[in-house]
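Engineer: I'm passing along data-v3.cif; it holds mmCIF, C-alpha atoms; chains and numbers go by the auth columns.
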```
data_target
loop_
_atom_site.group_PDB
_atom_site.id
_atom_site.type_symbol
_atom_site.label_atom_id
_atom_site.label_comp_id
_atom_site.label_asym_id
_atom_site.label_seq_id
_atom_site.Cartn_x
_atom_site.Cartn_y
_atom_site.Cartn_z
_atom_site.B_iso_or_equiv
_atom_site.auth_seq_id
_atom_site.auth_asym_id
ATOM 1 C CA PRO A 1 110.872 -156.584 -88.324 0.00 2 A
ATOM 2 C CA ALA A 2 113.390 -155.578 -90.972 0.00 3 A
ATOM 3 C CA ALA A 3 112.058 -154.199 -94.237 0.00 4 A
ATOM 4 C CA ASN A 4 113.826 -156.875 -96.280 0.00 5 A
ATOM 5 C CA ASP A 5 112.686 -159.889 -94.238 0.00 6 A
ATOM 6 C CA GLY A 6 109.677 -160.633 -96.433 0.00 7 A
ATOM 7 C CA TRP A 7 107.186 -158.664 -94.320 0.00 8 A
ATOM 8 C CA THR A 8 104.167 -156.913 -95.833 0.00 9 A
ATOM 9 C CA PHE A 9 103.891 -153.558 -94.047 0.00 10 A
ATOM 10 C CA LEU A 10 100.598 -151.700 -93.842 0.00 11 A
ATOM 11 C CA PRO A 11 100.684 -147.910 -93.338 0.00 12 A
ATOM 12 C CA THR A 12 100.452 -146.801 -89.717 0.00 13 A
ATOM 13 C CA PRO A 13 100.284 -143.351 -88.125 0.00 14 A
ATOM 14 C CA SER A 14 103.075 -142.232 -85.849 0.00 15 A
ATOM 15 C CA SER A 15 100.659 -140.560 -83.442 0.00 16 A
ATOM 16 C CA THR A 16 97.621 -142.205 -81.928 0.00 17 A
ATOM 17 C CA PHE A 17 96.013 -139.284 -80.074 0.00 18 A
ATOM 18 C CA SER A 18 93.665 -136.898 -81.834 0.00 19 A
ATOM 19 C CA THR A 19 94.343 -133.170 -81.761 0.00 20 A
ATOM 20 C CA ASP A 20 90.914 -132.222 -83.118 0.00 21 A
ATOM 21 C CA ILE A 21 87.672 -134.008 -83.980 0.00 22 A
ATOM 22 C CA SER A 22 84.735 -132.779 -86.006 0.00 23 A
ATOM 23 C CA ALA A 23 81.724 -134.743 -87.260 0.00 24 A
ATOM 24 C CA ASP A 24 83.704 -136.314 -90.105 0.00 25 A
ATOM 25 C CA THR A 25 87.407 -135.465 -89.572 0.00 26 A
ATOM 26 C CA LEU A 26 90.006 -136.620 -87.076 0.00 27 A
ATOM 27 C CA SER A 27 93.236 -134.618 -86.922 0.00 28 A
ATOM 28 C CA ALA A 28 96.524 -135.690 -85.355 0.00 29 A
ATOM 29 C CA LEU A 29 100.161 -134.604 -85.336 0.00 30 A
ATOM 30 C CA PHE A 30 101.658 -137.274 -87.555 0.00 31 A
ATOM 31 C CA THR A 31 105.446 -137.129 -87.670 0.00 32 A
ATOM 32 C CA ASN A 32 105.524 -139.380 -90.722 0.00 33 A
ATOM 33 C CA SER A 33 103.912 -138.436 -93.991 0.00 34 A
ATOM 34 C CA TYR A 34 102.015 -140.878 -96.138 0.00 35 A
ATOM 35 C CA SER A 35 103.608 -141.362 -99.528 0.00 36 A
ATOM 36 C CA GLN A 36 100.296 -140.836 -101.289 0.00 37 A
ATOM 37 C CA THR A 37 97.246 -138.720 -100.599 0.00 38 A
ATOM 38 C CA ASN A 38 94.368 -140.989 -99.604 0.00 39 A
ATOM 39 C CA GLN A 39 96.707 -143.884 -98.822 0.00 40 A
ATOM 40 C CA LEU A 40 94.390 -144.850 -95.952 0.00 41 A
ATOM 41 C CA PHE A 41 91.234 -144.958 -98.105 0.00 42 A
ATOM 42 C CA GLY A 42 89.386 -148.192 -97.327 0.00 43 A
ATOM 43 C CA PHE A 43 90.744 -148.553 -93.797 0.00 44 A
ATOM 44 C CA TYR A 44 88.561 -147.764 -90.791 0.00 45 A
ATOM 45 C CA VAL A 45 89.336 -145.652 -87.737 0.00 46 A
ATOM 46 C CA ASN A 46 88.352 -146.278 -84.147 0.00 47 A
ATOM 47 C CA PRO A 47 88.408 -142.670 -82.884 0.00 48 A
ATOM 48 C CA ASN A 48 88.320 -143.740 -79.234 0.00 49 A
ATOM 49 C CA THR A 49 89.984 -147.031 -78.305 0.00 50 A
ATOM 50 C CA ASN A 50 88.448 -146.757 -74.830 0.00 51 A
ATOM 51 C CA GLN A 51 84.935 -147.388 -76.176 0.00 52 A
ATOM 52 C CA ASN A 52 83.057 -150.009 -74.192 0.00 53 A
ATOM 53 C CA ALA A 53 86.113 -150.620 -71.953 0.00 54 A
ATOM 54 C CA THR A 54 87.041 -153.821 -73.829 0.00 55 A
ATOM 55 C CA SER A 55 89.769 -154.783 -76.303 0.00 56 A
ATOM 56 C CA LYS A 56 87.185 -156.330 -78.647 0.00 57 A
ATOM 57 C CA LEU A 57 86.709 -154.533 -81.938 0.00 58 A
ATOM 58 C CA SER A 58 83.318 -156.058 -82.661 0.00 59 A
ATOM 59 C CA ASP A 59 81.634 -153.923 -79.989 0.00 60 A
ATOM 60 C CA ASP A 60 83.224 -150.611 -81.078 0.00 61 A
ATOM 61 C CA THR A 61 81.858 -148.029 -83.502 0.00 62 A
ATOM 62 C CA LEU A 62 84.248 -147.885 -86.469 0.00 63 A
ATOM 63 C CA PHE A 63 84.226 -145.267 -89.220 0.00 64 A
ATOM 64 C CA PRO A 64 85.280 -145.840 -92.858 0.00 65 A
ATOM 65 C CA ILE A 65 88.103 -143.558 -94.029 0.00 66 A
ATOM 66 C CA VAL A 66 87.360 -141.916 -97.388 0.00 67 A
ATOM 67 C CA SER A 67 90.410 -139.639 -97.564 0.00 68 A
ATOM 68 C CA ASN A 68 93.476 -138.579 -95.655 0.00 69 A
ATOM 69 C CA GLY A 69 96.063 -135.842 -95.739 0.00 70 A
ATOM 70 C CA LEU A 70 99.279 -135.356 -93.829 0.00 71 A
ATOM 71 C CA GLY A 71 97.533 -134.733 -90.501 0.00 72 A
ATOM 72 C CA SER A 72 93.906 -135.727 -90.931 0.00 73 A
ATOM 73 C CA LEU A 73 91.539 -138.591 -91.673 0.00 74 A
ATOM 74 C CA THR A 74 88.113 -137.938 -93.207 0.00 75 A
ATOM 75 C CA CYS A 75 85.241 -140.381 -92.703 0.00 76 A
ATOM 76 C CA SER A 76 82.013 -140.739 -94.675 0.00 77 A
ATOM 77 C CA THR A 77 79.479 -142.203 -92.279 0.00 78 A
ATOM 78 C CA GLY A 78 78.344 -141.190 -88.808 0.00 79 A
ATOM 79 C CA ASP A 79 79.609 -138.548 -86.392 0.00 80 A
ATOM 80 C CA LEU A 80 83.031 -139.204 -84.860 0.00 81 A
ATOM 81 C CA ARG A 81 82.032 -137.036 -81.887 0.00 82 A
ATOM 82 C CA SER A 82 79.333 -139.557 -80.944 0.00 83 A
ATOM 83 C CA VAL A 83 82.042 -141.806 -79.439 0.00 84 A
ATOM 84 C CA ALA A 84 85.168 -139.628 -79.248 0.00 85 A
ATOM 85 C CA ALA A 85 86.533 -136.259 -78.164 0.00 86 A
ATOM 86 C CA THR A 86 89.717 -134.377 -78.913 0.00 87 A
ATOM 87 C CA GLY A 87 92.640 -136.037 -77.158 0.00 88 A
ATOM 88 C CA ASN A 88 91.224 -139.579 -77.202 0.00 89 A
ATOM 89 C CA PRO A 89 93.514 -142.391 -78.331 0.00 90 A
ATOM 90 C CA PHE A 90 92.657 -143.721 -81.790 0.00 91 A
ATOM 91 C CA LYS A 91 93.724 -146.646 -83.966 0.00 92 A
ATOM 92 C CA LEU A 92 93.427 -147.584 -87.591 0.00 93 A
ATOM 93 C CA VAL A 93 91.443 -150.777 -88.143 0.00 94 A
ATOM 94 C CA LEU A 94 91.789 -153.103 -91.099 0.00 95 A
ATOM 95 C CA VAL A 95 88.326 -154.679 -91.484 0.00 96 A
ATOM 96 C CA LEU A 96 88.201 -157.847 -93.560 0.00 97 A
ATOM 97 C CA ASP A 97 85.636 -160.504 -94.359 0.00 98 A
ATOM 98 C CA ASN A 98 88.423 -163.113 -94.214 0.00 99 A
ATOM 99 C CA LEU A 99 92.172 -163.137 -93.586 0.00 100 A
ATOM 100 C CA GLU A 100 94.515 -165.788 -94.904 0.00 101 A
ATOM 101 C CA VAL A 101 98.118 -165.772 -93.639 0.00 102 A
ATOM 102 C CA ARG A 102 99.769 -168.907 -94.932 0.00 103 A
ATOM 103 C CA GLY A 103 102.953 -170.280 -96.403 0.00 104 A
ATOM 104 C CA GLY A 104 104.970 -168.457 -93.775 0.00 105 A
ATOM 105 C CA GLY A 105 103.578 -165.072 -94.843 0.00 106 A
ATOM 106 C CA LYS A 106 104.322 -162.029 -92.680 0.00 107 A
ATOM 107 C CA LEU A 107 101.839 -159.175 -92.110 0.00 108 A
ATOM 108 C CA ASP A 108 102.875 -156.131 -90.055 0.00 109 A
ATOM 109 C CA PHE A 109 100.316 -153.515 -88.979 0.00 110 A
ATOM 110 C CA GLY A 110 102.393 -152.129 -86.100 0.00 111 A
ATOM 111 C CA THR A 111 100.241 -151.451 -83.053 0.00 112 A
ATOM 112 C CA GLN A 112 97.108 -150.881 -85.132 0.00 113 A
ATOM 113 C CA ASN A 113 94.135 -153.299 -85.165 0.00 114 A
ATOM 114 C CA ILE A 114 92.698 -155.985 -87.457 0.00 115 A
ATOM 115 C CA TYR A 115 89.047 -157.116 -87.370 0.00 116 A
ATOM 116 C CA VAL A 116 88.257 -160.305 -89.297 0.00 117 A
ATOM 117 C CA MET A 117 84.531 -160.969 -89.550 0.00 118 A
ATOM 118 C CA GLU A 118 84.479 -164.552 -90.877 0.00 119 A
ATOM 119 C CA GLY A 119 87.760 -166.382 -90.219 0.00 120 A
ATOM 120 C CA ASP A 120 89.942 -167.571 -93.097 0.00 121 A
ATOM 121 C CA LEU A 121 89.147 -168.902 -96.585 0.00 122 A
ATOM 122 C CA SER A 122 90.940 -172.254 -96.656 0.00 123 A
ATOM 123 C CA SER A 123 88.961 -173.721 -93.738 0.00 124 A
ATOM 124 C CA ASN A 124 85.846 -173.401 -95.918 0.00 125 A
ATOM 125 C CA ASN A 125 83.687 -172.187 -93.033 0.00 126 A
ATOM 126 C CA THR A 126 83.106 -168.991 -91.067 0.00 127 A
ATOM 127 C CA THR A 127 84.118 -170.390 -87.685 0.00 128 A
ATOM 128 C CA THR A 128 87.850 -171.113 -88.135 0.00 129 A
ATOM 129 C CA PHE A 129 90.883 -168.857 -88.405 0.00 130 A
ATOM 130 C CA ALA A 130 93.919 -171.033 -89.169 0.00 131 A
ATOM 131 C CA GLN A 131 97.078 -168.923 -89.100 0.00 132 A
ATOM 132 C CA ASN A 132 100.120 -170.214 -90.976 0.00 133 A
ATOM 133 C CA GLY A 133 102.391 -167.173 -90.861 0.00 134 A
ATOM 134 C CA LEU A 134 103.246 -164.175 -88.718 0.00 135 A
ATOM 135 C CA ILE A 135 101.021 -161.243 -87.783 0.00 136 A
ATOM 136 C CA ASN A 136 102.132 -158.119 -85.929 0.00 137 A
ATOM 137 C CA ALA A 137 99.261 -155.927 -84.692 0.00 138 A
ATOM 138 C CA GLY A 138 97.838 -154.377 -81.539 0.00 139 A
ATOM 139 C CA VAL A 139 94.569 -156.330 -81.525 0.00 140 A
ATOM 140 C CA VAL A 140 93.427 -159.047 -83.901 0.00 141 A
ATOM 141 C CA ASP A 141 89.738 -159.832 -83.393 0.00 142 A
ATOM 142 C CA VAL A 142 88.413 -162.808 -85.367 0.00 143 A
ATOM 143 C CA GLY A 143 85.101 -162.809 -83.532 0.00 144 A
ATOM 144 C CA ALA A 144 83.598 -164.640 -80.602 0.00 145 A
ATOM 145 C CA GLY A 145 82.275 -167.478 -82.768 0.00 146 A
ATOM 146 C CA THR A 146 85.597 -168.215 -84.479 0.00 147 A
ATOM 147 C CA ASN A 147 88.207 -170.706 -83.260 0.00 148 A
ATOM 148 C CA TRP A 148 91.822 -169.525 -83.774 0.00 149 A
ATOM 149 C CA THR A 149 94.164 -172.402 -84.654 0.00 150 A
ATOM 150 C CA ASN A 150 97.886 -172.653 -85.405 0.00 151 A
ATOM 151 C CA TRP A 151 98.665 -169.383 -83.647 0.00 152 A
ATOM 152 C CA THR A 152 102.357 -168.674 -84.164 0.00 153 A
ATOM 153 C CA SER A 153 103.983 -167.620 -80.918 0.00 154 A
ATOM 154 C CA SER A 154 106.604 -165.557 -82.761 0.00 155 A
ATOM 155 C CA SER A 155 103.825 -163.222 -83.913 0.00 156 A
ATOM 156 C CA THR A 156 103.512 -159.996 -81.972 0.00 157 A
ATOM 157 C CA ILE A 157 99.837 -159.481 -81.228 0.00 158 A
ATOM 158 C CA GLY A 158 98.931 -157.407 -78.190 0.00 159 A
ATOM 159 C CA THR A 159 95.498 -159.005 -77.800 0.00 160 A
ATOM 160 C CA LYS A 160 93.908 -161.978 -79.562 0.00 161 A
ATOM 161 C CA CYS A 161 90.105 -162.147 -79.606 0.00 162 A
ATOM 162 C CA SER A 162 88.265 -165.322 -80.629 0.00 163 A
ATOM 163 C CA SER A 163 86.168 -168.105 -79.161 0.00 164 A
ATOM 164 C CA ASN A 164 89.309 -169.683 -77.663 0.00 165 A
ATOM 165 C CA TYR A 165 91.168 -166.441 -76.733 0.00 166 A
ATOM 166 C CA SER A 166 89.123 -164.086 -74.602 0.00 167 A
ATOM 167 C CA CYS A 167 89.579 -160.341 -74.887 0.00 168 A
ATOM 168 C CA PRO A 168 90.195 -158.527 -71.636 0.00 169 A
#
```
Show this structure as structure tokens.
Structural biologist:
Amino acid sequence: PAANDGWTFLPTPSSTFSTDISADTLSALFTNSYSQTNQLFGFYVNPNTNQNATSKLSDDTLFPIVSNGLGSLTCSTGDLRSVAATGNPFKLVLVLDNLEVRGGGKLDFGTQNIYVMEGDLSSNNTTTFAQNGLINAGVVDVGAGTNWTNWTSSSTIGTKCSSNYSCP
């Protein structure tokens, strides 16, 4: 999508393979620099996208990012090495209680992943995700108990996970 087409762009790394992993730090050769130190604070990282051999995010171990530099992400909880090794593919994950894309809104997270734990807000329940806009992402997982409605076919989502879209 073009930058002036009304899209909201979330920061994404240019590389998705780790070059080094310690207990709390994942390093990679990013060819783009983030405009601010700690720009990824609050996102999560899946340090090994091959965990559990599924596309679902709900069955993966995710780690909260507490800081980042030009070529590294630092996490606060757990040991990255418990599920990943140097050279594994990784993805950023935006973890949300709810996601509301309406009024023709446009959200672009590149090939990175979005995990929505309880559908949208406007449906007034935790079992519906009604999309009224465009989403670009690698995987969007709204959970096995959530029904995804109004999916917009012009969105670019590699894999949709919900009660009515099964994850491979």
Engineer: Taking only residues of region 82-121 of chain A that have an atom at most 12 Å from an atom of region 63-74 of chain A, what is each one's shortest atom pair and its distance in Å to one decimal, using all atoms listed in the file, in chain and number order, as JSON lines?
Structural biologist:
```
{"residue": "A:Arg82", "atom": "CA", "partner": "A:Phe64", "partner_atom": "CA", "distance": 11.2}
{"residue": "A:Ser83", "atom": "CA", "partner": "A:Leu63", "partner_atom": "CA", "distance": 11.1}
{"residue": "A:Val84", "atom": "CA", "partner": "A:Leu63", "partner_atom": "CA", "distance": 9.6}
{"residue": "A:Ala85", "atom": "CA", "partner": "A:Leu63", "partner_atom": "CA", "distance": 11.0}
{"residue": "A:Phe91", "atom": "CA", "partner": "A:Leu63", "partner_atom": "CA", "distance": 10.5}
{"residue": "A:Lys92", "atom": "CA", "partner": "A:Leu63", "partner_atom": "CA", "distance": 9.9}
{"residue": "A:Leu93", "atom": "CA", "partner": "A:Leu63", "partner_atom": "CA", "distance": 9.3}
{"residue": "A:Val94", "atom": "CA", "partner": "A:Leu63", "partner_atom": "CA", "distance": 7.9}
{"residue": "A:Leu95", "atom": "CA", "partner": "A:Pro65", "partner_atom": "CA", "distance": 9.9}
{"residue": "A:Val96", "atom": "CA", "partner": "A:Leu63", "partner_atom": "CA", "distance": 9.4}
{"residue": "A:Asn114", "atom": "CA", "partner": "A:Leu63", "partner_atom": "CA", "distance": 11.3}
{"residue": "A:Ile115", "atom": "CA", "partner": "A:Leu63", "partner_atom": "CA", "distance": 11.7}
{"residue": "A:Tyr116", "atom": "CA", "partner": "A:Leu63", "partner_atom": "CA", "distance": 10.4}
```
Engineer: Could you write out that same residue set with C-alpha atoms as a compact mmCIF listing (two decimals), in the frame of the given file?
Structural biologist:
```txt
# COMPACT_ATOMS: atom_id res chain seq x y z
CA ARG A 82 82.03 -137.04 -81.89
CA SER A 83 79.33 -139.56 -80.94
CA VAL A 84 82.04 -141.81 -79.44
CA ALA A 85 85.17 -139.63 -79.25
CA PHE A 91 92.66 -143.72 -81.79
CA LYS A 92 93.72 -146.65 -83.97
CA LEU A 93 93.43 -147.58 -87.59
CA VAL A 94 91.44 -150.78 -88.14
CA LEU A 95 91.79 -153.10 -91.10
CA VAL A 96 88.33 -154.68 -91.48
CA ASN A 114 94.14 -153.30 -85.16
CA ILE A 115 92.70 -155.99 -87.46
CA TYR A 116 89.05 -157.12 -87.37
```
Engineer: Convert the output of the PyMOL selection byres ((chain A and resi 143-151) around 10) on the shown file into explicit residues, formatted as a count of residues only.
Structural biologist: 37
Engineer: Pick from A:Thr9, A:Thr87, A:Ser19, A:Thr75: nearest to Tyr45 (chain A), with only C-alpha atoms counted?
Structural biologist: A:Thr75
Engineer: For a test of reading the model, state the distance in Å between CA of Asn89 (chain A) and CA of Ser28 (chain A), rounded to one decimal.
Structural biologist: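 Answer for the CA of Asn89 (chain A) to CA of Ser28 (chain A) separation: 11.1 Å.
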Engineer: Just checking: using all atoms listed in the file, which residue out of A:Val102, A:Leu11, A:Leu30, A:Ile22 ends up closest to Phe44 (chain A)?
Structural biologist: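 Ranking A:Val102, A:Leu11, A:Leu30, A:Ile22 by distance to Phe44 (chain A), first place goes to A:Leu11.
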Engineer: For the file shown, report as a PyMOL selection string the outcome of the PyMOL selection byres ((chain A and resi 12) around 10) at residue level.
Structural biologist: chain A and resi 9-11+13-15+35-36+40-41+44+93+109-111+113
Engineer: Mind pulling up the distance from CA of Ala138 (chain A) to CA of Ser124 (chain A)?
Structural biologist: 22.5 Å
Engineer: What does the structure give for the distance between CA of Arg103 (chain A) and CA of Asn125 (chain A), in Å to one decimal?
Structural biologist: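 CA of Asn125 (chain A) lies 14.7 Å from CA of Arg103 (chain A).
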Engineer: When the PyMOL selection byres ((chain A and resi 136) around 6) is applied to the file above, which residues end up in the set, as a PyMOL selection string?
Structural biologist: chain A and resi 107-109+135+137+156
Engineer: Point out the residue among A:Thr50, A:Asn39, A:Ser56, A:Thr157 with the least atom-to-atom distance to Ala86 (chain A), counting only C-alpha atoms.
Structural biologist: A:Thr50
Engineer: Please write out, as AutoDock Vina command-line options, where the centre of an axis-aligned box around all listed atoms of region 80-95 of chain A lies and how long its edges are, in Å to one decimal, after adding 4 Å on each side.
Structural biologist:
```
--center_x 86.5 --center_y -143.7 --center_z -84.1 --size_x 22.4 --size_y 26.7 --size_z 21.9
```
